[in-house]
>>> print(open('structure06.cif').read())   # mmCIF, C-alpha atoms
data_work
loop_
_atom_site.group_PDB
_atom_site.id
_atom_site.type_symbol
_atom_site.label_atom_id
_atom_site.label_comp_id
_atom_site.auth_asym_id
_atom_site.auth_seq_id
_atom_site.Cartn_x
_atom_site.Cartn_y
_atom_site.Cartn_z
ATOM 1 C CA MET D 1 19.956 -14.021 114.678
ATOM 2 C CA LYS D 2 19.076 -15.916 111.502
ATOM 3 C CA LYS D 3 15.470 -14.735 111.504
ATOM 4 C CA LYS D 4 16.437 -11.039 111.555
ATOM 5 C CA SER D 5 19.062 -11.524 108.830
ATOM 6 C CA ILE D 6 16.576 -13.396 106.635
ATOM 7 C CA GLU D 7 14.058 -10.591 107.117
ATOM 8 C CA LEU D 8 16.615 -7.928 106.101
ATOM 9 C CA LEU D 9 17.902 -9.971 103.178
ATOM 10 C CA ASN D 10 14.328 -10.416 101.907
ATOM 11 C CA LYS D 11 13.726 -6.653 102.179
ATOM 12 C CA ALA D 12 16.800 -6.213 100.004
ATOM 13 C CA VAL D 13 15.501 -8.794 97.517
ATOM 14 C CA ALA D 14 12.262 -6.802 97.226
ATOM 15 C CA ASP D 15 14.179 -3.545 96.668
ATOM 16 C CA GLU D 16 16.507 -5.130 94.111
ATOM 17 C CA LEU D 17 13.609 -6.729 92.216
ATOM 18 C CA SER D 18 11.866 -3.354 92.122
ATOM 19 C CA ALA D 19 15.052 -1.781 90.756
ATOM 20 C CA VAL D 20 15.349 -4.509 88.091
ATOM 21 C CA HIS D 21 11.799 -3.860 86.904
ATOM 22 C CA GLN D 22 12.103 -0.065 87.094
ATOM 23 C CA TYR D 23 15.404 0.061 85.233
ATOM 24 C CA MET D 24 14.182 -2.286 82.521
ATOM 25 C CA TYR D 25 11.125 -0.055 82.096
ATOM 26 C CA PHE D 26 13.515 2.899 81.704
ATOM 27 C CA HIS D 27 15.662 0.848 79.310
ATOM 28 C CA PHE D 28 12.653 0.105 77.078
ATOM 29 C CA HIS D 29 11.639 3.765 76.893
ATOM 30 C CA CYS D 30 15.161 5.100 76.332
ATOM 31 C CA ASP D 31 15.638 2.519 73.605
ATOM 32 C CA ASP D 32 12.324 3.475 72.020
ATOM 33 C CA GLN D 33 13.374 7.142 72.030
ATOM 34 C CA GLY D 34 16.723 6.302 70.395
ATOM 35 C CA PHE D 35 18.856 7.072 73.450
ATOM 36 C CA ASP D 36 21.129 4.072 73.111
ATOM 37 C CA LEU D 37 23.741 5.091 75.693
ATOM 38 C CA LEU D 38 21.159 5.628 78.397
ATOM 39 C CA ALA D 39 19.164 2.556 77.364
ATOM 40 C CA ASN D 40 22.271 0.413 77.685
ATOM 41 C CA LEU D 41 23.170 1.990 81.027
ATOM 42 C CA PHE D 42 19.761 1.126 82.470
ATOM 43 C CA LYS D 43 19.944 -2.387 81.021
ATOM 44 C CA ARG D 44 23.447 -3.060 82.398
ATOM 45 C CA ILE D 45 22.561 -1.803 85.859
ATOM 46 C CA SER D 46 19.332 -3.812 85.828
ATOM 47 C CA ILE D 47 21.379 -6.931 85.130
ATOM 48 C CA GLU D 48 23.717 -6.062 88.009
ATOM 49 C CA GLU D 49 20.682 -5.701 90.261
ATOM 50 C CA MET D 50 19.544 -9.188 89.156
ATOM 51 C CA MET D 51 22.920 -10.501 90.239
ATOM 52 C CA HIS D 52 22.357 -8.848 93.630
ATOM 53 C CA VAL D 53 19.058 -10.724 93.940
ATOM 54 C CA GLU D 54 20.888 -13.969 93.261
ATOM 55 C CA ARG D 55 23.535 -13.293 95.922
ATOM 56 C CA LEU D 56 20.885 -12.305 98.456
ATOM 57 C CA ALA D 57 18.764 -15.367 97.655
ATOM 58 C CA GLU D 58 21.741 -17.682 98.072
ATOM 59 C CA ARG D 59 22.388 -16.228 101.528
ATOM 60 C CA ILE D 60 18.723 -16.503 102.542
ATOM 61 C CA LEU D 61 18.633 -20.155 101.507
ATOM 62 C CA PHE D 62 21.901 -20.862 103.320
ATOM 63 C CA LEU D 63 20.385 -19.426 106.490
ATOM 64 C CA GLY D 64 17.403 -21.771 106.093
ATOM 65 C CA GLY D 65 14.907 -19.144 104.965
ATOM 66 C CA ASP D 66 12.747 -18.829 101.896
ATOM 67 C CA VAL D 67 13.173 -16.153 99.246
ATOM 68 C CA ASP D 68 10.211 -13.792 99.043
ATOM 69 C CA MET D 69 10.023 -12.644 95.413
ATOM 70 C CA LYS D 70 7.746 -9.629 95.843
ATOM 71 C CA LEU D 71 8.507 -6.069 94.773
ATOM 72 C CA SER D 72 8.943 -3.365 97.403
ATOM 73 C CA GLN D 73 7.236 -0.751 95.223
ATOM 74 C CA HIS D 74 5.185 -0.352 92.062
ATOM 75 C CA ILE D 75 6.916 0.593 88.847
ATOM 76 C CA GLN D 76 6.719 4.315 88.113
ATOM 77 C CA THR D 77 5.718 5.131 84.532
ATOM 78 C CA VAL D 78 8.296 7.874 84.090
ATOM 79 C CA GLN D 79 9.263 8.537 80.474
ATOM 80 C CA ASP D 80 11.201 11.803 80.756
ATOM 81 C CA VAL D 81 14.922 11.002 80.737
ATOM 82 C CA ARG D 82 15.823 13.609 83.347
ATOM 83 C CA GLU D 83 13.184 12.259 85.705
ATOM 84 C CA MET D 84 14.364 8.691 85.059
ATOM 85 C CA LEU D 85 17.925 9.571 86.022
ATOM 86 C CA LYS D 86 16.839 11.551 89.067
ATOM 87 C CA MET D 87 14.628 8.729 90.276
ATOM 88 C CA ALA D 88 17.339 6.121 89.650
ATOM 89 C CA ALA D 89 19.943 8.135 91.589
ATOM 90 C CA GLU D 90 17.492 8.525 94.482
ATOM 91 C CA MET D 91 16.741 4.788 94.465
ATOM 92 C CA GLU D 92 20.450 3.985 94.640
ATOM 93 C CA GLU D 93 21.024 6.505 97.431
ATOM 94 C CA SER D 94 18.141 5.033 99.430
ATOM 95 C CA ALA D 95 19.511 1.506 98.942
ATOM 96 C CA THR D 96 22.915 2.658 100.184
ATOM 97 C CA VAL D 97 21.403 4.050 103.387
ATOM 98 C CA ASP D 98 19.324 0.907 103.963
ATOM 99 C CA TYR D 99 22.179 -1.508 103.246
ATOM 100 C CA ASN D 100 24.543 0.367 105.555
ATOM 101 C CA ASN D 101 21.939 0.192 108.327
ATOM 102 C CA TRP D 102 21.216 -3.467 107.641
ATOM 103 C CA ALA D 103 24.937 -4.316 107.651
ATOM 104 C CA ASN D 104 25.109 -2.802 111.125
ATOM 105 C CA GLU D 105 22.060 -4.794 112.265
ATOM 106 C CA CYS D 106 23.590 -8.020 110.957
ATOM 107 C CA SER D 107 26.792 -7.191 112.805
ATOM 108 C CA GLN D 108 24.866 -6.679 116.039
ATOM 109 C CA ASN D 109 23.304 -10.118 115.499
ATOM 110 C CA ALA D 110 26.703 -11.793 114.951
ATOM 111 C CA ASP D 111 26.076 -12.457 111.233
ATOM 112 C CA SER D 112 29.309 -11.244 109.668
ATOM 113 C CA VAL D 113 28.668 -12.892 106.276
ATOM 114 C CA SER D 114 25.359 -11.054 105.743
ATOM 115 C CA LYS D 115 27.036 -7.884 107.042
ATOM 116 C CA LYS D 116 29.767 -8.236 104.410
ATOM 117 C CA LEU D 117 27.202 -8.941 101.689
ATOM 118 C CA PHE D 118 25.372 -5.714 102.524
ATOM 119 C CA GLU D 119 28.670 -3.805 102.595
ATOM 120 C CA ASP D 120 29.568 -5.173 99.154
ATOM 121 C CA LEU D 121 26.164 -4.134 97.844
ATOM 122 C CA VAL D 122 26.699 -0.610 99.210
ATOM 123 C CA ALA D 123 29.786 -0.247 97.016
ATOM 124 C CA ASP D 124 27.818 -1.346 93.933
ATOM 125 C CA GLU D 125 24.886 0.953 94.702
ATOM 126 C CA GLU D 126 27.216 3.923 95.216
ATOM 127 C CA ARG D 127 28.824 3.188 91.840
ATOM 128 C CA HIS D 128 25.367 3.034 90.210
ATOM 129 C CA GLN D 129 24.357 6.313 91.845
ATOM 130 C CA ASP D 130 27.553 7.921 90.564
ATOM 131 C CA ARG D 131 26.808 6.770 86.992
ATOM 132 C CA PHE D 132 23.279 8.178 87.114
ATOM 133 C CA GLU D 133 24.547 11.460 88.568
ATOM 134 C CA ASP D 134 27.226 11.664 85.840
ATOM 135 C CA GLU D 135 24.477 11.333 83.223
ATOM 136 C CA MET D 136 22.407 14.037 84.959
ATOM 137 C CA ASP D 137 25.511 16.275 84.883
ATOM 138 C CA ASN D 138 25.920 15.596 81.148
ATOM 139 C CA LEU D 139 22.321 16.635 80.569
ATOM 140 C CA LYS D 140 22.844 19.826 82.583
ATOM 141 C CA LYS D 141 26.049 20.646 80.707
ATOM 142 C CA TYR D 142 24.940 19.783 77.184
ATOM 143 C CA GLY D 143 21.157 19.973 77.431
ATOM 144 C CA ASP D 144 19.027 18.353 74.801
ATOM 145 C CA ASN D 145 22.054 18.220 72.490
ATOM 146 C CA TYR D 146 23.307 15.321 74.617
ATOM 147 C CA LEU D 147 20.151 13.368 73.840
ATOM 148 C CA ALA D 148 20.084 14.477 70.211
ATOM 149 C CA LEU D 149 23.584 13.103 69.683
ATOM 150 C CA GLN D 150 22.448 9.707 70.955
ATOM 151 C CA SER D 151 19.490 9.725 68.560
ATOM 152 C CA ILE D 152 21.710 10.760 65.649
ATOM 153 C CA GLU D 153 24.086 7.880 66.390
ATOM 154 C CA ARG D 154 21.124 5.486 66.338
ATOM 155 C CA SER D 155 19.917 6.933 63.026
ATOM 156 C CA LYS D 156 23.386 6.639 61.484
ATOM 157 C CA SER D 157 23.638 3.054 62.655
ATOM 158 C CA VAL D 158 20.201 2.114 61.360
ATOM 159 C CA SER D 159 20.584 3.873 58.009
ATOM 160 C CA GLY D 160 23.979 2.274 57.493
ATOM 161 C CA SER D 161 22.712 -1.250 58.016
ATOM 162 C CA THR D 162 21.780 -3.435 55.113
ATOM 163 C CA GLY D 163 18.671 -4.790 56.762
ATOM 164 C CA ALA D 164 20.049 -8.315 56.392
ATOM 165 C CA GLU D 165 20.993 -8.574 60.061
#
>>> encode(input="structure06.cif", output="structure tokens")
Amino acid sequence: MKKKSIELLNKAVADELSAVHQYMYFHFHCDDQGFDLLANLFKRISIEEMMHVERLAERILFLGGDVDMKLSQHIQTVQDVREMLKMAAEMEESATVDYNNWANECSQNADSVSKKLFEDLVADEERHQDRFEDEMDNLKKYGDNYLALQSIERSKSVSGSTGAE
């Protein structure tokens, strides 16, 4: 029972760590392009994914396992905002499927606490997916104007500062 749960929890750690790295990469590039709203979205969700790693690690250690801190995939060097959002939504959808399956496996192995942890993570991942899909909808509706408005806001903010900050 414990061995299977530890294995699944470590798979989740690897996926969450990959998401942290990927989303921070997206954050850096959105920030560099002046897309503050999207940059902050990627940063906030990356931080939430870090918190998932912590919860998973705590459970692994409680079960007597060791936390394997490897990534499940290499970081993709995507710099187009539409592709970033599409990839992020797909990552969240994949995590939802995996975590639902892993919750069921934990249940079959009489590990209700790990099952509940995976179920809680599903809710977070669905919320993340929804945010990314909302941003993709905004881009479809408003096109490049949506991105231009974010850049203009950055320019207004920067030009209005005194430089003493």
>>> closest_atom_pairs(input="structure06.cif", of="stretch 50-108 of chain D", to="stretch 34-44 of chain D", cutoff="12 Å", atoms="only C-alpha atoms", output="JSON lines")
{"residue": "D:Met50", "atom": "CA", "partner": "D:Arg44", "partner_atom": "CA", "distance": 9.9}
{"residue": "D:Met51", "atom": "CA", "partner": "D:Arg44", "partner_atom": "CA", "distance": 10.8}
{"residue": "D:Gln79", "atom": "CA", "partner": "D:Ala39", "partner_atom": "CA", "distance": 12.0}
{"residue": "D:Asp80", "atom": "CA", "partner": "D:Phe35", "partner_atom": "CA", "distance": 11.6}
{"residue": "D:Val81", "atom": "CA", "partner": "D:Leu38", "partner_atom": "CA", "distance": 8.6}
{"residue": "D:Arg82", "atom": "CA", "partner": "D:Leu38", "partner_atom": "CA", "distance": 10.8}
{"residue": "D:Met84", "atom": "CA", "partner": "D:Phe42", "partner_atom": "CA", "distance": 9.6}
{"residue": "D:Leu85", "atom": "CA", "partner": "D:Leu38", "partner_atom": "CA", "distance": 9.2}
{"residue": "D:Ala88", "atom": "CA", "partner": "D:Phe42", "partner_atom": "CA", "distance": 9.1}
{"residue": "D:Ala89", "atom": "CA", "partner": "D:Phe42", "partner_atom": "CA", "distance": 11.5}
>>> closest_residue(input="structure06.cif", among="D:Glu16, D:Glu93, D:Glu7, D:Asp68", to="D:Glu133", atoms="all atoms listed in the file")
D:Glu93
>>> closest_residue(input="structure06.cif", among="D:Gln108, D:Gln33, D:Asn101, D:Ser114", to="D:Gln150", atoms="only C-alpha atoms")
D:Gln33
>>> closest_residue(input="structure06.cif", among="D:Leu8, D:Cys30, D:Leu149, D:Leu139", to="D:Val78", atoms="only C-alpha atoms")
D:Cys30
>>> residues_around(input="structure06.cif", residues="D:Val13", least_positions_apart="4", cutoff="12 Å", atoms="all atoms listed in the file", output="count of residues only")
32
>>> resolve_selection(input="structure06.cif", expression="the PyMOL selection byres ((chain D and resi 4) around 12)", output="mmCIF file with C-alpha atoms, in the frame of the given file")
data_model
loop_
_atom_site.group_PDB
_atom_site.id
_atom_site.type_symbol
_atom_site.label_atom_id
_atom_site.label_comp_id
_atom_site.auth_asym_id
_atom_site.auth_seq_id
_atom_site.Cartn_x
_atom_site.Cartn_y
_atom_site.Cartn_z
ATOM 1 C CA MET D 1 19.956 -14.021 114.678
ATOM 2 C CA LYS D 2 19.076 -15.916 111.502
ATOM 3 C CA LYS D 3 15.470 -14.735 111.504
ATOM 4 C CA SER D 5 19.062 -11.524 108.830
ATOM 5 C CA ILE D 6 16.576 -13.396 106.635
ATOM 6 C CA GLU D 7 14.058 -10.591 107.117
ATOM 7 C CA LEU D 8 16.615 -7.928 106.101
ATOM 8 C CA LEU D 9 17.902 -9.971 103.178
ATOM 9 C CA ASN D 10 14.328 -10.416 101.907
ATOM 10 C CA LYS D 11 13.726 -6.653 102.179
ATOM 11 C CA ILE D 60 18.723 -16.503 102.542
ATOM 12 C CA LEU D 63 20.385 -19.426 106.490
ATOM 13 C CA GLY D 65 14.907 -19.144 104.965
ATOM 14 C CA TRP D 102 21.216 -3.467 107.641
ATOM 15 C CA ALA D 103 24.937 -4.316 107.651
ATOM 16 C CA ASN D 104 25.109 -2.802 111.125
ATOM 17 C CA GLU D 105 22.060 -4.794 112.265
ATOM 18 C CA CYS D 106 23.590 -8.020 110.957
ATOM 19 C CA SER D 107 26.792 -7.191 112.805
ATOM 20 C CA GLN D 108 24.866 -6.679 116.039
ATOM 21 C CA ASN D 109 23.304 -10.118 115.499
ATOM 22 C CA ALA D 110 26.703 -11.793 114.951
ATOM 23 C CA ASP D 111 26.076 -12.457 111.233
ATOM 24 C CA SER D 114 25.359 -11.054 105.743
ATOM 25 C CA LYS D 115 27.036 -7.884 107.042
#
>>> closest_residue(input="structure06.cif", among="D:His21, D:Lys116, D:Lys86, D:His29", to="D:Met136", atoms="only C-alpha atoms")
D:Lys86
>>> closest_residue(input="structure06.cif", among="D:Asn138, D:Thr77, D:Ser94, D:Asn100", to="D:Asp120", atoms="only C-alpha atoms")
D:Asn100
>>> atom_distance(input="structure06.cif", atom1="atom CA of D:Phe26", atom2="atom CA of D:Val97")
23.1 Å
>>> closest_residue(input="structure06.cif", among="D:Phe132, D:Asp124, D:Asp98, D:Ser112", to="D:Tyr23", atoms="all atoms listed in the file")
D:Phe132
>>> decode(input="structure06.cif", residues="stretch 28-156 of chain D", atoms="C-alpha atoms", output="CSV table (one decimal), in the first residue's frame")
chain,number,residue,atom,x,y,z
D,28,PHE,CA,10.2,35.5,-17.5
D,29,HIS,CA,9.3,35.8,-21.2
D,30,CYS,CA,5.9,37.4,-20.6
D,31,ASP,CA,7.5,39.9,-18.3
D,32,ASP,CA,10.3,40.6,-20.8
D,33,GLN,CA,7.7,41.2,-23.5
D,34,GLY,CA,5.7,43.6,-21.2
D,35,PHE,CA,2.7,41.4,-20.7
D,36,ASP,CA,2.4,42.0,-17.0
D,37,LEU,CA,-1.0,40.3,-16.5
D,38,LEU,CA,0.1,37.1,-18.1
D,39,ALA,CA,3.5,37.2,-16.4
D,40,ASN,CA,1.8,37.5,-13.0
D,41,LEU,CA,-0.6,34.7,-13.8
D,42,PHE,CA,2.2,32.3,-14.7
D,43,LYS,CA,4.1,33.4,-11.6
D,44,ARG,CA,1.1,33.0,-9.2
D,45,ILE,CA,0.3,29.6,-10.6
D,46,SER,CA,3.9,28.5,-10.4
D,47,ILE,CA,3.9,29.4,-6.7
D,48,GLU,CA,0.7,27.4,-6.2
D,49,GLU,CA,2.4,24.4,-7.9
D,50,MET,CA,5.4,24.8,-5.5
D,51,MET,CA,2.9,24.6,-2.7
D,52,HIS,CA,1.6,21.3,-4.2
D,53,VAL,CA,5.1,19.9,-4.2
D,54,GLU,CA,5.3,20.8,-0.5
D,55,ARG,CA,2.1,19.0,0.3
D,56,LEU,CA,3.1,16.0,-1.7
D,57,ALA,CA,6.5,15.8,-0.1
D,58,GLU,CA,5.0,16.0,3.4
D,59,ARG,CA,2.8,13.0,2.6
D,60,ILE,CA,5.7,11.0,1.1
D,61,LEU,CA,7.8,11.6,4.2
D,62,PHE,CA,4.9,10.7,6.4
D,63,LEU,CA,4.6,7.4,4.6
D,64,GLY,CA,8.3,6.7,5.2
D,65,GLY,CA,9.4,7.4,1.6
D,66,ASP,CA,11.9,9.8,0.2
D,67,VAL,CA,11.1,12.7,-2.1
D,68,ASP,CA,12.5,12.4,-5.6
D,69,MET,CA,13.1,15.9,-6.8
D,70,LYS,CA,13.5,15.2,-10.5
D,71,LEU,CA,11.5,16.8,-13.3
D,72,SER,CA,9.1,14.7,-15.4
D,73,GLN,CA,9.9,16.6,-18.6
D,74,HIS,CA,12.3,19.1,-20.0
D,75,ILE,CA,11.3,22.7,-20.2
D,76,GLN,CA,9.9,23.8,-23.5
D,77,THR,CA,11.4,27.0,-24.9
D,78,VAL,CA,8.1,28.4,-26.1
D,79,GLN,CA,8.0,32.2,-26.3
D,80,ASP,CA,4.8,32.8,-28.2
D,81,VAL,CA,2.0,33.7,-25.7
D,82,ARG,CA,-0.7,31.7,-27.5
D,83,GLU,CA,1.5,28.6,-27.5
D,84,MET,CA,2.4,29.2,-23.8
D,85,LEU,CA,-1.3,29.3,-22.8
D,86,LYS,CA,-2.2,26.3,-24.9
D,87,MET,CA,0.6,24.3,-23.5
D,88,ALA,CA,-0.2,25.3,-19.9
D,89,ALA,CA,-3.9,24.4,-20.3
D,90,GLU,CA,-2.9,21.0,-21.7
D,91,MET,CA,-0.5,20.4,-18.8
D,92,GLU,CA,-3.2,21.2,-16.3
D,93,GLU,CA,-5.7,18.9,-18.1
D,94,SER,CA,-3.2,16.1,-18.2
D,95,ALA,CA,-2.5,16.6,-14.4
D,96,THR,CA,-6.2,16.4,-13.7
D,97,VAL,CA,-6.5,13.1,-15.6
D,98,ASP,CA,-3.5,11.6,-13.8
D,99,TYR,CA,-4.5,12.8,-10.3
D,100,ASN,CA,-8.0,11.5,-10.7
D,101,ASN,CA,-6.6,8.1,-11.7
D,102,TRP,CA,-4.0,8.2,-8.9
D,103,ALA,CA,-6.7,9.1,-6.4
D,104,ASN,CA,-8.6,6.0,-7.5
D,105,GLU,CA,-5.4,3.8,-7.1
D,106,CYS,CA,-4.8,5.2,-3.6
D,107,SER,CA,-8.4,4.4,-2.7
D,108,GLN,CA,-8.0,0.8,-4.0
D,109,ASN,CA,-4.9,0.5,-1.8
D,110,ALA,CA,-6.8,1.8,1.3
D,111,ASP,CA,-4.8,5.1,1.5
D,112,SER,CA,-7.7,7.6,1.9
D,113,VAL,CA,-5.4,10.5,2.9
D,114,SER,CA,-3.3,10.3,-0.3
D,115,LYS,CA,-6.6,9.9,-2.3
D,116,LYS,CA,-8.0,13.1,-0.7
D,117,LEU,CA,-4.7,14.9,-1.5
D,118,PHE,CA,-5.0,14.0,-5.1
D,119,GLU,CA,-8.6,15.0,-5.2
D,120,ASP,CA,-7.7,18.4,-3.7
D,121,LEU,CA,-5.0,18.8,-6.3
D,122,VAL,CA,-7.5,18.0,-9.1
D,123,ALA,CA,-9.7,21.0,-8.0
D,124,ASP,CA,-6.6,23.3,-8.1
D,125,GLU,CA,-5.5,22.0,-11.5
D,126,GLU,CA,-9.0,22.5,-13.0
D,127,ARG,CA,-9.0,26.0,-11.7
D,128,HIS,CA,-5.6,26.7,-13.3
D,129,GLN,CA,-6.8,25.2,-16.6
D,130,ASP,CA,-9.8,27.4,-16.5
D,131,ARG,CA,-7.6,30.5,-16.0
D,132,PHE,CA,-5.4,29.6,-18.9
D,133,GLU,CA,-8.4,28.9,-21.1
D,134,ASP,CA,-10.0,32.2,-20.1
D,135,GLU,CA,-6.8,34.0,-21.3
D,136,MET,CA,-6.8,32.0,-24.6
D,137,ASP,CA,-10.5,33.2,-25.0
D,138,ASN,CA,-9.4,36.8,-24.4
D,139,LEU,CA,-6.7,36.5,-27.1
D,140,LYS,CA,-9.3,35.0,-29.5
D,141,LYS,CA,-11.8,37.8,-28.8
D,142,TYR,CA,-9.4,40.8,-28.7
D,143,GLY,CA,-6.5,39.5,-30.7
D,144,ASP,CA,-3.2,41.3,-30.4
D,145,ASN,CA,-5.0,44.3,-28.9
D,146,TYR,CA,-5.2,42.3,-25.7
D,147,LEU,CA,-1.5,42.0,-25.5
D,148,ALA,CA,-0.9,45.6,-26.7
D,149,LEU,CA,-3.0,46.9,-23.8
D,150,GLN,CA,-0.8,45.0,-21.4
D,151,SER,CA,2.3,46.5,-22.9
D,152,ILE,CA,0.8,50.0,-22.9
D,153,GLU,CA,0.0,49.6,-19.2
D,154,ARG,CA,3.6,48.6,-18.5
D,155,SER,CA,4.9,51.6,-20.5
D,156,LYS,CA,2.6,54.0,-18.6
